[in-house]
Structure formats: C-alpha cells, structure tokens
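Visitor: File name coords08.pdb; file contents PDB, C-alpha atoms; full text below.
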```pdb
ATOM      1  CA  MET A   5     126.031  96.106 119.072  1.00  0.00           C
ATOM      2  CA  ALA A   6     129.655  96.307 118.041  1.00  0.00           C
ATOM      3  CA  SER A   7     130.719  98.651 115.294  1.00  0.00           C
ATOM      4  CA  GLU A   8     133.921  99.189 113.381  1.00  0.00           C
ATOM      5  CA  CYS A   9     133.123 102.894 113.438  1.00  0.00           C
ATOM      6  CA  SER A  10     134.466 105.253 116.038  1.00  0.00           C
ATOM      7  CA  SER A  11     132.902 105.380 119.476  1.00  0.00           C
ATOM      8  CA  TYR A  12     131.404 108.708 120.462  1.00  0.00           C
ATOM      9  CA  LYS A  13     133.577 108.608 123.584  1.00  0.00           C
ATOM     10  CA  LYS A  14     136.755 109.162 121.565  1.00  0.00           C
ATOM     11  CA  TYR A  15     135.976 112.779 120.690  1.00  0.00           C
ATOM     12  CA  GLU A  16     133.141 113.710 123.028  1.00  0.00           C
ATOM     13  CA  THR A  17     133.587 117.190 124.519  1.00  0.00           C
ATOM     14  CA  ARG A  18     130.133 117.661 126.057  1.00  0.00           C
ATOM     15  CA  LYS A  19     127.321 115.312 126.919  1.00  0.00           C
ATOM     16  CA  ARG A  20     123.566 115.574 126.432  1.00  0.00           C
ATOM     17  CA  ASP A  21     120.683 113.287 125.529  1.00  0.00           C
ATOM     18  CA  PRO A  22     118.150 114.132 122.815  1.00  0.00           C
ATOM     19  CA  ASN A  23     114.666 115.163 123.901  1.00  0.00           C
ATOM     20  CA  PRO A  24     112.181 112.731 122.303  1.00  0.00           C
ATOM     21  CA  LYS A  25     109.462 115.404 122.402  1.00  0.00           C
ATOM     22  CA  THR A  26     111.413 117.813 120.204  1.00  0.00           C
ATOM     23  CA  ALA A  27     113.845 115.603 118.243  1.00  0.00           C
ATOM     24  CA  ALA A  28     113.762 114.271 114.679  1.00  0.00           C
ATOM     25  CA  LEU A  29     115.965 111.706 112.965  1.00  0.00           C
ATOM     26  CA  LEU A  30     117.510 112.511 109.570  1.00  0.00           C
ATOM     27  CA  VAL A  31     118.570 109.496 107.491  1.00  0.00           C
ATOM     28  CA  ILE A  32     120.768 111.000 104.805  1.00  0.00           C
ATOM     29  CA  ASP A  33     121.430 109.592 101.309  1.00  0.00           C
ATOM     30  CA  MET A  34     121.108 105.880 102.094  1.00  0.00           C
ATOM     31  CA  GLN A  35     120.703 105.159  98.386  1.00  0.00           C
ATOM     32  CA  ASN A  36     121.635 102.406  95.965  1.00  0.00           C
ATOM     33  CA  LEU A  37     124.455 104.528  94.550  1.00  0.00           C
ATOM     34  CA  VAL A  38     126.374 104.164  97.816  1.00  0.00           C
ATOM     35  CA  THR A  39     125.315 100.665  98.857  1.00  0.00           C
ATOM     36  CA  SER A  40     128.887  99.467  99.386  1.00  0.00           C
ATOM     37  CA  MET A  41     129.650 102.461 101.588  1.00  0.00           C
ATOM     38  CA  ALA A  42     126.377 102.188 103.504  1.00  0.00           C
ATOM     39  CA  LYS A  43     126.465  98.421 104.016  1.00  0.00           C
ATOM     40  CA  PRO A  44     128.758  98.457 107.093  1.00  0.00           C
ATOM     41  CA  ILE A  45     126.401 100.840 108.926  1.00  0.00           C
ATOM     42  CA  LEU A  46     123.099  99.515 107.582  1.00  0.00           C
ATOM     43  CA  SER A  47     122.301  97.515 110.705  1.00  0.00           C
ATOM     44  CA  ASN A  48     123.065 100.481 112.954  1.00  0.00           C
ATOM     45  CA  ALA A  49     121.039 102.832 110.762  1.00  0.00           C
ATOM     46  CA  ILE A  50     118.033 100.486 110.907  1.00  0.00           C
ATOM     47  CA  THR A  51     118.443 100.106 114.673  1.00  0.00           C
ATOM     48  CA  THR A  52     118.503 103.895 115.051  1.00  0.00           C
ATOM     49  CA  ILE A  53     115.387 104.262 112.893  1.00  0.00           C
ATOM     50  CA  ASN A  54     113.544 101.613 114.919  1.00  0.00           C
ATOM     51  CA  LEU A  55     114.600 103.159 118.238  1.00  0.00           C
ATOM     52  CA  CYS A  56     113.299 106.532 117.107  1.00  0.00           C
ATOM     53  CA  ARG A  57     110.049 105.034 115.817  1.00  0.00           C
ATOM     54  CA  GLN A  58     109.497 103.359 119.196  1.00  0.00           C
ATOM     55  CA  ALA A  59     109.981 106.718 120.906  1.00  0.00           C
ATOM     56  CA  SER A  60     107.574 108.463 118.464  1.00  0.00           C
ATOM     57  CA  ILE A  61     110.437 110.570 117.117  1.00  0.00           C
ATOM     58  CA  PRO A  62     109.754 111.756 113.543  1.00  0.00           C
ATOM     59  CA  VAL A  63     112.035 110.234 110.902  1.00  0.00           C
ATOM     60  CA  PHE A  64     112.920 111.898 107.596  1.00  0.00           C
ATOM     61  CA  PHE A  65     114.719 110.173 104.745  1.00  0.00           C
ATOM     62  CA  ILE A  66     116.865 112.502 102.668  1.00  0.00           C
ATOM     63  CA  ARG A  67     117.376 111.467  99.046  1.00  0.00           C
ATOM     64  CA  HIS A  68     119.950 113.148  96.812  1.00  0.00           C
ATOM     65  CA  CYS A  69     118.957 113.404  93.140  1.00  0.00           C
ATOM     66  CA  HIS A  70     119.150 115.730  90.164  1.00  0.00           C
ATOM     67  CA  LYS A  71     116.322 116.470  87.730  1.00  0.00           C
ATOM     68  CA  SER A  72     118.479 118.164  85.055  1.00  0.00           C
ATOM     69  CA  PRO A  73     121.868 119.873  84.571  1.00  0.00           C
ATOM     70  CA  ALA A  74     120.164 123.105  85.643  1.00  0.00           C
ATOM     71  CA  ASP A  75     120.227 121.931  89.272  1.00  0.00           C
ATOM     72  CA  TYR A  76     123.787 120.552  89.325  1.00  0.00           C
ATOM     73  CA  GLY A  77     125.220 123.755  90.768  1.00  0.00           C
ATOM     74  CA  MET A  78     128.850 123.456  91.870  1.00  0.00           C
ATOM     75  CA  LEU A  79     128.454 119.690  92.206  1.00  0.00           C
ATOM     76  CA  GLY A  80     128.520 119.443  88.420  1.00  0.00           C
ATOM     77  CA  GLU A  81     131.910 121.112  88.222  1.00  0.00           C
ATOM     78  CA  TRP A  82     133.344 119.341  91.256  1.00  0.00           C
ATOM     79  CA  TRP A  83     132.248 115.844  90.193  1.00  0.00           C
ATOM     80  CA  ASN A  84     132.659 116.356  86.406  1.00  0.00           C
ATOM     81  CA  ASN A  85     128.883 116.112  85.947  1.00  0.00           C
ATOM     82  CA  ARG A  86     128.856 112.576  87.388  1.00  0.00           C
ATOM     83  CA  VAL A  87     125.851 113.094  89.632  1.00  0.00           C
ATOM     84  CA  VAL A  88     122.934 110.844  90.572  1.00  0.00           C
ATOM     85  CA  SER A  89     119.925 111.441  88.334  1.00  0.00           C
ATOM     86  CA  ASP A  90     116.365 111.190  89.562  1.00  0.00           C
ATOM     87  CA  GLY A  91     114.475 108.196  88.199  1.00  0.00           C
ATOM     88  CA  THR A  92     117.506 105.905  88.138  1.00  0.00           C
ATOM     89  CA  VAL A  93     117.984 102.804  90.271  1.00  0.00           C
ATOM     90  CA  GLU A  94     121.033 104.462  91.824  1.00  0.00           C
ATOM     91  CA  SER A  95     118.891 107.333  93.112  1.00  0.00           C
ATOM     92  CA  GLU A  96     116.451 105.087  94.971  1.00  0.00           C
ATOM     93  CA  LEU A  97     116.714 104.382  98.676  1.00  0.00           C
ATOM     94  CA  ILE A  98     118.406 101.113  99.610  1.00  0.00           C
ATOM     95  CA  PRO A  99     115.556  98.540  99.800  1.00  0.00           C
ATOM     96  CA  ASP A 100     116.095  97.818 103.513  1.00  0.00           C
ATOM     97  CA  ILE A 101     115.776 101.548 104.185  1.00  0.00           C
ATOM     98  CA  GLU A 102     112.984 102.234 101.706  1.00  0.00           C
ATOM     99  CA  ARG A 103     110.683  99.687 103.333  1.00  0.00           C
ATOM    100  CA  LEU A 104     110.989 101.643 106.587  1.00  0.00           C
ATOM    101  CA  SER A 105     109.999 104.943 104.977  1.00  0.00           C
ATOM    102  CA  GLU A 106     106.704 106.571 104.094  1.00  0.00           C
ATOM    103  CA  PRO A 107     106.396 108.782 100.981  1.00  0.00           C
ATOM    104  CA  ASP A 108     105.684 111.921 103.015  1.00  0.00           C
ATOM    105  CA  GLU A 109     108.868 111.321 105.031  1.00  0.00           C
ATOM    106  CA  VAL A 110     111.185 111.497 102.002  1.00  0.00           C
ATOM    107  CA  VAL A 111     112.860 114.829 101.275  1.00  0.00           C
ATOM    108  CA  GLU A 112     114.716 115.312  97.987  1.00  0.00           C
ATOM    109  CA  LYS A 113     117.814 117.495  97.785  1.00  0.00           C
ATOM    110  CA  ASN A 114     120.333 118.362  95.084  1.00  0.00           C
ATOM    111  CA  THR A 115     123.314 119.577  97.094  1.00  0.00           C
ATOM    112  CA  TYR A 116     125.202 118.602 100.240  1.00  0.00           C
ATOM    113  CA  SER A 117     122.838 120.298 102.707  1.00  0.00           C
ATOM    114  CA  ALA A 118     119.428 118.755 103.332  1.00  0.00           C
ATOM    115  CA  PHE A 119     118.136 122.249 104.162  1.00  0.00           C
ATOM    116  CA  GLU A 120     119.143 123.991 100.924  1.00  0.00           C
ATOM    117  CA  ASN A 121     116.147 124.511  98.607  1.00  0.00           C
ATOM    118  CA  THR A 122     114.133 121.721 100.275  1.00  0.00           C
ATOM    119  CA  ARG A 123     111.028 121.495 102.428  1.00  0.00           C
ATOM    120  CA  LEU A 124     112.921 119.998 105.374  1.00  0.00           C
ATOM    121  CA  GLN A 125     112.850 123.060 107.630  1.00  0.00           C
ATOM    122  CA  GLU A 126     109.120 123.480 106.999  1.00  0.00           C
ATOM    123  CA  LEU A 127     108.477 119.832 107.911  1.00  0.00           C
ATOM    124  CA  LEU A 128     110.523 120.166 111.100  1.00  0.00           C
ATOM    125  CA  ALA A 129     108.686 123.356 112.075  1.00  0.00           C
ATOM    126  CA  GLU A 130     105.310 121.666 111.563  1.00  0.00           C
ATOM    127  CA  ARG A 131     106.313 119.064 114.135  1.00  0.00           C
ATOM    128  CA  GLY A 132     107.889 121.445 116.614  1.00  0.00           C
ATOM    129  CA  VAL A 133     111.342 119.960 116.104  1.00  0.00           C
ATOM    130  CA  GLU A 134     114.214 121.668 117.908  1.00  0.00           C
ATOM    131  CA  GLU A 135     116.820 118.891 117.690  1.00  0.00           C
ATOM    132  CA  VAL A 136     118.065 116.668 114.881  1.00  0.00           C
ATOM    133  CA  ILE A 137     119.893 113.344 114.998  1.00  0.00           C
ATOM    134  CA  ILE A 138     122.140 112.845 111.960  1.00  0.00           C
ATOM    135  CA  THR A 139     122.721 109.430 110.351  1.00  0.00           C
ATOM    136  CA  GLY A 140     123.630 108.249 106.848  1.00  0.00           C
ATOM    137  CA  VAL A 141     126.317 108.937 104.241  1.00  0.00           C
ATOM    138  CA  MET A 142     128.697 110.509 103.569  1.00  0.00           C
ATOM    139  CA  THR A 143     129.939 111.465 107.005  1.00  0.00           C
ATOM    140  CA  ASN A 144     132.166 114.287 105.774  1.00  0.00           C
ATOM    141  CA  MET A 145     129.937 115.634 103.008  1.00  0.00           C
ATOM    142  CA  CYS A 146     126.150 115.583 103.209  1.00  0.00           C
ATOM    143  CA  CYS A 147     125.966 114.510 106.852  1.00  0.00           C
ATOM    144  CA  GLU A 148     128.483 117.095 108.033  1.00  0.00           C
ATOM    145  CA  THR A 149     127.084 119.879 105.833  1.00  0.00           C
ATOM    146  CA  THR A 150     123.549 119.192 107.029  1.00  0.00           C
ATOM    147  CA  ALA A 151     124.701 119.099 110.653  1.00  0.00           C
ATOM    148  CA  ARG A 152     126.488 122.425 110.326  1.00  0.00           C
ATOM    149  CA  ALA A 153     123.494 123.985 108.572  1.00  0.00           C
ATOM    150  CA  ALA A 154     121.167 122.705 111.302  1.00  0.00           C
ATOM    151  CA  PHE A 155     123.384 124.182 114.010  1.00  0.00           C
ATOM    152  CA  VAL A 156     123.486 127.577 112.283  1.00  0.00           C
ATOM    153  CA  LYS A 157     119.687 127.493 111.917  1.00  0.00           C
ATOM    154  CA  GLY A 158     119.333 127.010 115.664  1.00  0.00           C
ATOM    155  CA  TYR A 159     118.761 123.277 115.959  1.00  0.00           C
ATOM    156  CA  ARG A 160     120.525 121.241 118.632  1.00  0.00           C
ATOM    157  CA  VAL A 161     122.469 118.608 116.717  1.00  0.00           C
ATOM    158  CA  PHE A 162     123.254 115.004 117.630  1.00  0.00           C
ATOM    159  CA  PHE A 163     125.621 113.182 115.286  1.00  0.00           C
ATOM    160  CA  SER A 164     125.805 109.388 115.129  1.00  0.00           C
ATOM    161  CA  THR A 165     129.285 107.911 115.157  1.00  0.00           C
ATOM    162  CA  ASP A 166     128.235 104.380 114.177  1.00  0.00           C
ATOM    163  CA  ALA A 167     125.334 105.076 111.808  1.00  0.00           C
ATOM    164  CA  THR A 168     127.295 107.404 109.521  1.00  0.00           C
ATOM    165  CA  ALA A 169     129.940 106.354 107.001  1.00  0.00           C
ATOM    166  CA  THR A 170     132.221 107.594 104.258  1.00  0.00           C
ATOM    167  CA  ALA A 171     134.836 106.211 101.873  1.00  0.00           C
ATOM    168  CA  ASP A 172     137.855 107.196 103.964  1.00  0.00           C
ATOM    169  CA  PRO A 173     138.155 106.348 107.694  1.00  0.00           C
ATOM    170  CA  GLU A 174     140.345 109.410 108.256  1.00  0.00           C
ATOM    171  CA  LEU A 175     137.660 111.701 106.858  1.00  0.00           C
ATOM    172  CA  HIS A 176     135.063 110.002 109.070  1.00  0.00           C
ATOM    173  CA  GLU A 177     137.229 110.571 112.130  1.00  0.00           C
ATOM    174  CA  ALA A 178     137.980 114.171 111.130  1.00  0.00           C
ATOM    175  CA  THR A 179     134.273 114.951 110.863  1.00  0.00           C
ATOM    176  CA  LEU A 180     133.532 113.426 114.268  1.00  0.00           C
ATOM    177  CA  LYS A 181     136.273 115.548 115.790  1.00  0.00           C
ATOM    178  CA  ASN A 182     134.939 118.671 114.045  1.00  0.00           C
ATOM    179  CA  MET A 183     131.370 117.941 115.085  1.00  0.00           C
ATOM    180  CA  ALA A 184     132.305 117.429 118.729  1.00  0.00           C
ATOM    181  CA  SER A 185     134.480 120.517 118.685  1.00  0.00           C
ATOM    182  CA  GLY A 186     131.861 123.006 117.605  1.00  0.00           C
ATOM    183  CA  PHE A 187     128.590 121.667 116.257  1.00  0.00           C
ATOM    184  CA  ALA A 188     127.117 118.474 117.679  1.00  0.00           C
ATOM    185  CA  TYR A 189     126.754 116.061 120.554  1.00  0.00           C
ATOM    186  CA  LEU A 190     128.052 112.624 119.565  1.00  0.00           C
ATOM    187  CA  VAL A 191     125.875 109.529 120.015  1.00  0.00           C
ATOM    188  CA  ASP A 192     125.803 105.905 118.904  1.00  0.00           C
ATOM    189  CA  CYS A 193     123.192 103.130 118.841  1.00  0.00           C
ATOM    190  CA  GLU A 194     124.064 101.828 122.276  1.00  0.00           C
ATOM    191  CA  ARG A 195     123.832 105.245 123.859  1.00  0.00           C
ATOM    192  CA  LEU A 196     120.516 105.992 122.154  1.00  0.00           C
ATOM    193  CA  GLN A 197     119.171 102.661 123.338  1.00  0.00           C
ATOM    194  CA  GLN A 198     120.248 103.369 126.923  1.00  0.00           C
ATOM    195  CA  TRP A 199     118.727 106.834 126.766  1.00  0.00           C
ATOM    196  CA  LEU A 200     115.394 105.588 125.448  1.00  0.00           C
ATOM    197  CA  SER A 201     115.251 102.788 128.010  1.00  0.00           C
ATOM    198  CA  GLY A 202     115.867 105.303 130.778  1.00  0.00           C
ATOM    199  CA  LYS A 203     119.181 103.814 131.920  1.00  0.00           C
TER     200      LYS A 203
END
```
Could you spell out this file's structure in structure tokens?
Guide:
Amino acid sequence: MASECSSYKKYETRKRDPNPKTAALLVIDMQNLVTSMAKPILSNAITTINLCRQASIPVFFIRHCHKSPADYGMLGEWWNNRVVSDGTVESELIPDIERLSEPDEVVEKNTYSAFENTRLQELLAERGVEEVIITGVMTNMCCETTARAAFVKGYRVFFSTDATATADPELHEATLKNMASGFAYLVDCERLQQWLSGK
C-alpha cells in the first residue's frame, strides 16, 4: 500500500491506536471541486473508509458548501468570493466517495472547521465518540482546522498521513509536523490495517 505521502513515522512523537468502540472517521471535503488534489489519496481514503466500516466505526462525510453570500464569512474576503456553492457539481462528493456514503452521514459546513455551526458534535455525542480519525483535503486547511478544533473540544485525534492531501507538499509536511507536535497521533492505512487485524 505504497503512498507518495509522508509516512507517519517521520514526525511521530507519541504512539497510540484508536479505540474502535469510541472512534469515528471524518472524511473531509472529498468533493468534485478538488478532484485533482484528492486523486492521489483516493485509494487510501477508500481503504480507510472500508477498514473503519469493517470495524463498525462510524464514518462521517464532511461537505463544504455555501448557500448564499451571507454564509461566506471571512472565506469570502480571503478567496475573493470564489467559494463552492451548494447545488453545483463542484460541491458534490467525488463519485467514488459518494457511493460509500449514506445521506445521514453527510455533514455540511461553510468554513474550515467541520465543528463550526454544524451538527457534527451532536452526531458524535449520539454515538459516544471520544476519538476522531481525520482524512481528506486540504491537509493544512480544513483537515488541520478540524483536527485542532476536535482536540480543543476534548476528542483524541488521529491524523492520517496518507489519506490527506493538499496543493503544496511543504504545507502537507508542515501540518503533519504540527499535528504530531501538539494535537494528534499520526496514522496511515497500513498502520490502521495492522491495528484492526490485531497485529
């Protein structure tokens, strides 16, 4: 299961395995808008989803979209109002990801954090979730912001090194280093597979 992305071992500062009884997987912003960015990690993202499904770990698919300029917030200024609008093809989940999702597993957001003004925390609480595994795009924006928010809210965070991606390899690496330094345990597909198989 080779990956061009960084191995978790490069920056790992502490080691721990997720608890399948209290973990949930977050698949962040794997949408048509970022297909080219997501394509290199698509196989790893699907593998991670399937591994979690097999272990009865809840999976939530985060979808970034805007209903109107009223919900652009600072993203409107930062990105010159070039944001992804709800109802467009660009806003839809990548087909290979969408076919793995159920409607009640999709959480819509309109900023970098999947917790801000969404029902995510409520859904996690309903399932007794205490840990989250972060996958998706972009490593240094929505994935990192969601991971930091989860940590501050008291969740144990696991951050995938080979099922996250961004436009700039240096930014990807910087986020992994930041995550390992103060926010998250690093994992990859191979490690998750070994953990779930009991090796």
Visitor: Using all atoms listed in the file, can you tell me which of A:Thr150, A:Tyr159, A:Val191, A:Lys181 comes closest to Val133 (chain A)?
Guide: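 For Val133 (chain A), the nearest of the given residues is A:Tyr159.
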Visitor: From the options A:Glu148, A:Glu102, A:Glu109, A:Asp172, which residue's atoms come nearest to Ala188 (chain A), counting only C-alpha atoms?
Guide: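 That would be A:Glu148, the residue with the smallest distance to Ala188 (chain A).
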Visitor: Sort by chain and increasing residue number a table of all residues of region 139-203 of chain A within 9 Å of region 114-120 of chain A, each with its closest pair of atoms and their distance in Å to one decimal, counting only C-alpha atoms, and write it as a tab-separated table.
Guide:
```
residue	atom	partner	partner_atom	distance
A:Met145	CA	A:Tyr116	CA	6.2
A:Cys146	CA	A:Tyr116	CA	4.3
A:Cys147	CA	A:Ser117	CA	7.8
A:Glu148	CA	A:Ser117	CA	8.4
A:Thr149	CA	A:Ser117	CA	5.3
A:Thr150	CA	A:Ser117	CA	4.5
A:Ala151	CA	A:Ser117	CA	8.2
A:Arg152	CA	A:Ser117	CA	8.7
A:Ala153	CA	A:Ser117	CA	7.0
A:Ala154	CA	A:Phe119	CA	7.8
```
Visitor: Nearest to Gly202 (chain A): which of A:Leu37, A:Ala59, A:Ala28, A:Lys43 is it, counting all atoms listed in the file?
Guide: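 Under the stated criterion, the closest residue is A:Ala59.
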Visitor: What residues come out when you apply the PyMOL selection byres ((chain A and resi 53-57) around 12) to this file, written as a PyMOL selection string?
Guide: chain A and resi 22-32+46-52+58-65+100-105+136-140+164+167+192-201
Visitor: What is the CA of Thr143 (chain A)-CA of His176 (chain A) distance in Å, reported with one decimal?
Guide: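 A separation of 5.7 Å between them.
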Visitor: Calculated over all atoms listed in the file, which of the candidates A:Ser72, A:Thr122, A:Met142, A:Tyr189 has the smallest distance to Thr168 (chain A)?
Guide: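 Using all atoms listed in the file, Thr168 (chain A) sits closest to A:Met142.
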Visitor: Can you tell me which residues surround Lys71 (chain A) at a distance of at most 8 Å, considering only C-alpha atoms, apart from same-chain residues fewer than 3 positions away, and format the answer as a list in words?
Guide: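 Everything that qualifies: Ala74, Asp75, Ser89 and Asp90 of chain A.
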Visitor: I would like the residues chosen by the PyMOL selection byres ((chain A and resi 177) around 9) on the shown file; could you give them as a list in words?
Guide: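 This file, filtered by the PyMOL selection byres ((chain A and resi 177) around 9), leaves Cys9, Ser10, Tyr15, Thr143, Asn144, Thr165, Asp172, Pro173, Glu174, Leu175, His176, Ala178, Thr179, Leu180, Lys181 and Asn182 of chain A.
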Visitor: For a test of reading the model, state the distance in Å between CA of Ala184 (chain A) and CA of Ile66 (chain A), rounded to one decimal.
Guide: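 Value for the CA of Ala184 (chain A)-CA of Ile66 (chain A) distance: 22.8 Å.
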Visitor: What does the structure give for the distance between CA of Glu106 (chain A) and CA of Arg67 (chain A), in Å to one decimal?
Guide: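 Between CA of Glu106 (chain A) and CA of Arg67 (chain A) the gap is 12.8 Å.
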Visitor: Identify, on the basis of only C-alpha atoms, every residue whose closest approach to Arg160 (chain A) does not exceed 7 Å; exclude the query and any residue fewer than 4 positions from it along the same chain; express the result as a PyMOL selection string.
Guide: chain A and resi 134-136+155
Visitor: Hey, which of A:Gln35, A:Gly80, A:Glu130, A:Leu190 ends up closest to Lys13 (chain A)? Count all atoms listed in the file.
Guide: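 Of A:Gln35, A:Gly80, A:Glu130, A:Leu190, the one nearest Lys13 (chain A), counting all atoms listed in the file, is A:Leu190.
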Visitor: Let me know the centre plus edge lengths, in Å and rounded to one decimal, of a box with edges along x, y and z that contains all listed atoms of region 72-76 of chain A and is padded by 3 Å on every side, as JSON.
Guide:
```
{"center_x": 121.1, "center_y": 120.6, "center_z": 86.9, "size_x": 11.3, "size_y": 10.9, "size_z": 10.8}
```
Visitor: Give me the result of the PyMOL selection byres ((chain A and resi 94) around 7) on this file, residue by residue, as a ChimeraX atom specification.
Guide: /A:35-37,88,92-93,95-96
Visitor: In the coordinates of the file, take the point (133.9, 102.8, 103.8) and a cut-off of 8 Å; then, counting all atoms listed in the file, name each qualifying protein, DNA or RNA residue as number ranges by chain.
Guide: A: 40-42, 44, 169-173
